[in-house]
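A.B. asks: Please see the structure below; I have some questions.
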Amino acid sequence: MSSIDKNIVVISGPSGCGKDTVVKKILAMDERFVLSVSATTRQRRPIEKDGVDYIFLSTEEFTSRLSNGEFLEYTCYCDNYYGTLKKQIEDKVMAGKVVVLVIEVEGAQNVKKVYPDSLTIFLAPPSLEELERRLKNRGTEDETKIKQRLFKAKEELGFQSSYDYIVENNNVEECAQSIINIFDNRD
């Protein structure tokens with residue numbers, strides 16, 4: 001494994017499965033892990049901070065950076081662009097950190113092409129019913145967006161087998177510990 005590959009952990013899963021919550025718990029439990037902050041063109045939610053939760057870009061700025069080759073991966077998801085800036089990954093790995101990327105399935109496949117020894121983990125919800133409940137309880141999307149996200153979730157669940165590991169998120173702390181254990185015990 002190259003030094004960059006072995007220090008990249010990719011976590012994907014449907015919207016509402018708890019990716020951000022689980023990753024925050026991992027970061028709190030183990031200081032080796034740091035988050036790669038994705039860039040996006042979606043609107044910032046009231047509780048989110050630019051540069052912390054996401055790097056919020058206009059569509060024009062995103063496409064300009066894309067044209068300049070600054071992205072490791074990117075996609076358009078539910079009418080918004082999301083992407084991982086290459087420099088984010090390289091700088092953190094060179095500082096000796098394990099970089100966690102929280103990205104969707106297409107992006108995960110693209111990262112695996114560039115960094116074949118990166119660790120990919122699919123975070124699965126306990127059920128589609130629970131996923132829908134979580135999306136509704138967030139209160140951040142209207143019914144149309146929730147239906148759109150559930151439709152996309154069914155599609156994403158079909159990609160689970162392309163990941164190195166599948167971890168079901170029933171309990172945030174147990175899920176986070178499972179991911180840390182997987183990282184520590186892989187070959």
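Chains: A, B, ... in order of the structure tokens. Residues: from 1 per chain. Ligands: from 1, in order shown.
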Give the helix (DSSP H, G or I) residues of stretch 33-161 of chain A, as assigned by DSSP on the backbone, as a PyMOL selection string.
C.D. replies: chain A and resi 59-67+86-94+105-114+128-138+143-157+160-161
A.B. asks: Please produce, as JSON lines, a per-residue contact table for stretch 65-87 of chain A versus stretch 112-130 of chain A (criterion: any atom at most 12 Å away, only C-alpha atoms considered), showing the nearest atom pair and its distance in Å to one decimal, sorted by chain then residue number.
C.D. replies:
```
{"residue": "A:Phe71", "atom": "CA", "partner": "A:Val114", "partner_atom": "CA", "distance": 11.8}
{"residue": "A:Leu72", "atom": "CA", "partner": "A:Val114", "partner_atom": "CA", "distance": 8.2}
{"residue": "A:Glu73", "atom": "CA", "partner": "A:Val114", "partner_atom": "CA", "distance": 9.4}
{"residue": "A:Lys86", "atom": "CA", "partner": "A:Val114", "partner_atom": "CA", "distance": 10.9}
```
A.B. asks: Just write the chosen residues, all heavy atoms, as a compact mmCIF listing (two decimals), in the first residue's frame.
C.D. replies:
```txt
# COMPACT_ATOMS: atom_id res chain seq x y z
N PHE A 71 -10.19 18.58 -8.24
CA PHE A 71 -11.00 17.59 -7.53
C PHE A 71 -10.49 16.17 -7.74
O PHE A 71 -10.16 15.77 -8.85
CB PHE A 71 -12.46 17.67 -7.98
CG PHE A 71 -13.20 18.84 -7.40
CD1 PHE A 71 -13.35 20.01 -8.12
CD2 PHE A 71 -13.74 18.78 -6.13
CE1 PHE A 71 -14.01 21.11 -7.59
CE2 PHE A 71 -14.41 19.86 -5.58
CZ PHE A 71 -14.55 21.02 -6.32
N LEU A 72 -10.45 15.40 -6.64
CA LEU A 72 -10.15 13.97 -6.70
C LEU A 72 -11.35 13.24 -7.27
O LEU A 72 -11.23 12.32 -8.08
CB LEU A 72 -9.84 13.45 -5.28
CG LEU A 72 -9.72 11.95 -5.10
CD1 LEU A 72 -8.59 11.39 -5.96
CD2 LEU A 72 -9.49 11.61 -3.64
N GLU A 73 -12.53 13.65 -6.84
CA GLU A 73 -13.78 13.07 -7.32
C GLU A 73 -14.87 14.12 -7.15
O GLU A 73 -14.73 15.04 -6.35
CB GLU A 73 -14.13 11.78 -6.57
CG GLU A 73 -14.30 11.93 -5.05
CD GLU A 73 -15.63 12.53 -4.62
OE1 GLU A 73 -16.64 12.31 -5.32
OE2 GLU A 73 -15.65 13.24 -3.61
N LYS A 86 -8.39 17.55 -4.01
CA LYS A 86 -7.17 16.74 -3.89
C LYS A 86 -6.25 17.26 -2.79
O LYS A 86 -5.70 16.49 -2.01
CB LYS A 86 -6.39 16.75 -5.21
CG LYS A 86 -7.04 16.00 -6.33
CD LYS A 86 -6.19 16.16 -7.59
CE LYS A 86 -6.91 15.64 -8.80
NZ LYS A 86 -6.16 15.91 -10.04
```
A.B. asks: Compile the contact shell of A:Ala95 as a PyMOL selection string: residues with an atom at most 12 Å away, counting only C-alpha atoms, same-chain residues fewer than 6 positions apart removed.
C.D. replies: chain A and resi 3-4+7+32-34+88-89
A.B. asks: Name the residues of stretch 15-160 of chain A that come out as strand (DSSP E) in a backbone DSSP run; write them as a VMD selection string.
C.D. replies: chain A and resid 33 to 36 39 to 40 55 to 56 71 to 77 80 to 85 98 to 102 119 to 124
A.B. asks: Per residue of stretch 35-64 of chain A within 12 Å of stretch 138-154 of chain A, note the shortest atom pair and the distance in Å to one decimal, counting only C-alpha atoms, and order the rows by chain and increasing residue number, as JSON lines.
C.D. replies:
```
{"residue": "A:Gln43", "atom": "CA", "partner": "A:Thr140", "partner_atom": "CA", "distance": 10.9}
{"residue": "A:Arg44", "atom": "CA", "partner": "A:Thr140", "partner_atom": "CA", "distance": 10.5}
{"residue": "A:Arg45", "atom": "CA", "partner": "A:Thr140", "partner_atom": "CA", "distance": 7.6}
{"residue": "A:Pro46", "atom": "CA", "partner": "A:Thr140", "partner_atom": "CA", "distance": 9.5}
{"residue": "A:Ile47", "atom": "CA", "partner": "A:Thr140", "partner_atom": "CA", "distance": 10.6}
{"residue": "A:Glu48", "atom": "CA", "partner": "A:Thr140", "partner_atom": "CA", "distance": 11.8}
```
A.B. asks: Considering only C-alpha atoms, return as a PyMOL selection string whatever protein or nucleic-acid residues lie within 9 Å of A:Asp30, sequence-local ones (same chain, fewer than 4 positions apart) excluded.
C.D. replies: chain A and resi 25-26+180
A.B. asks: Suppose you want the space between atom CA of A:Val111 and atom CA of A:Val172; what is it in Å?
C.D. replies: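 Separating atom CA of A:Val111 from atom CA of A:Val172 is a distance of 25.2 Å.
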A.B. asks: Provide the atom CA of A:Asp184 to atom CA of A:Gln109 distance in Å, to one decimal place.
C.D. replies: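 Straight-line distance from atom CA of A:Asp184 to atom CA of A:Gln109 works out to 22.1 Å.
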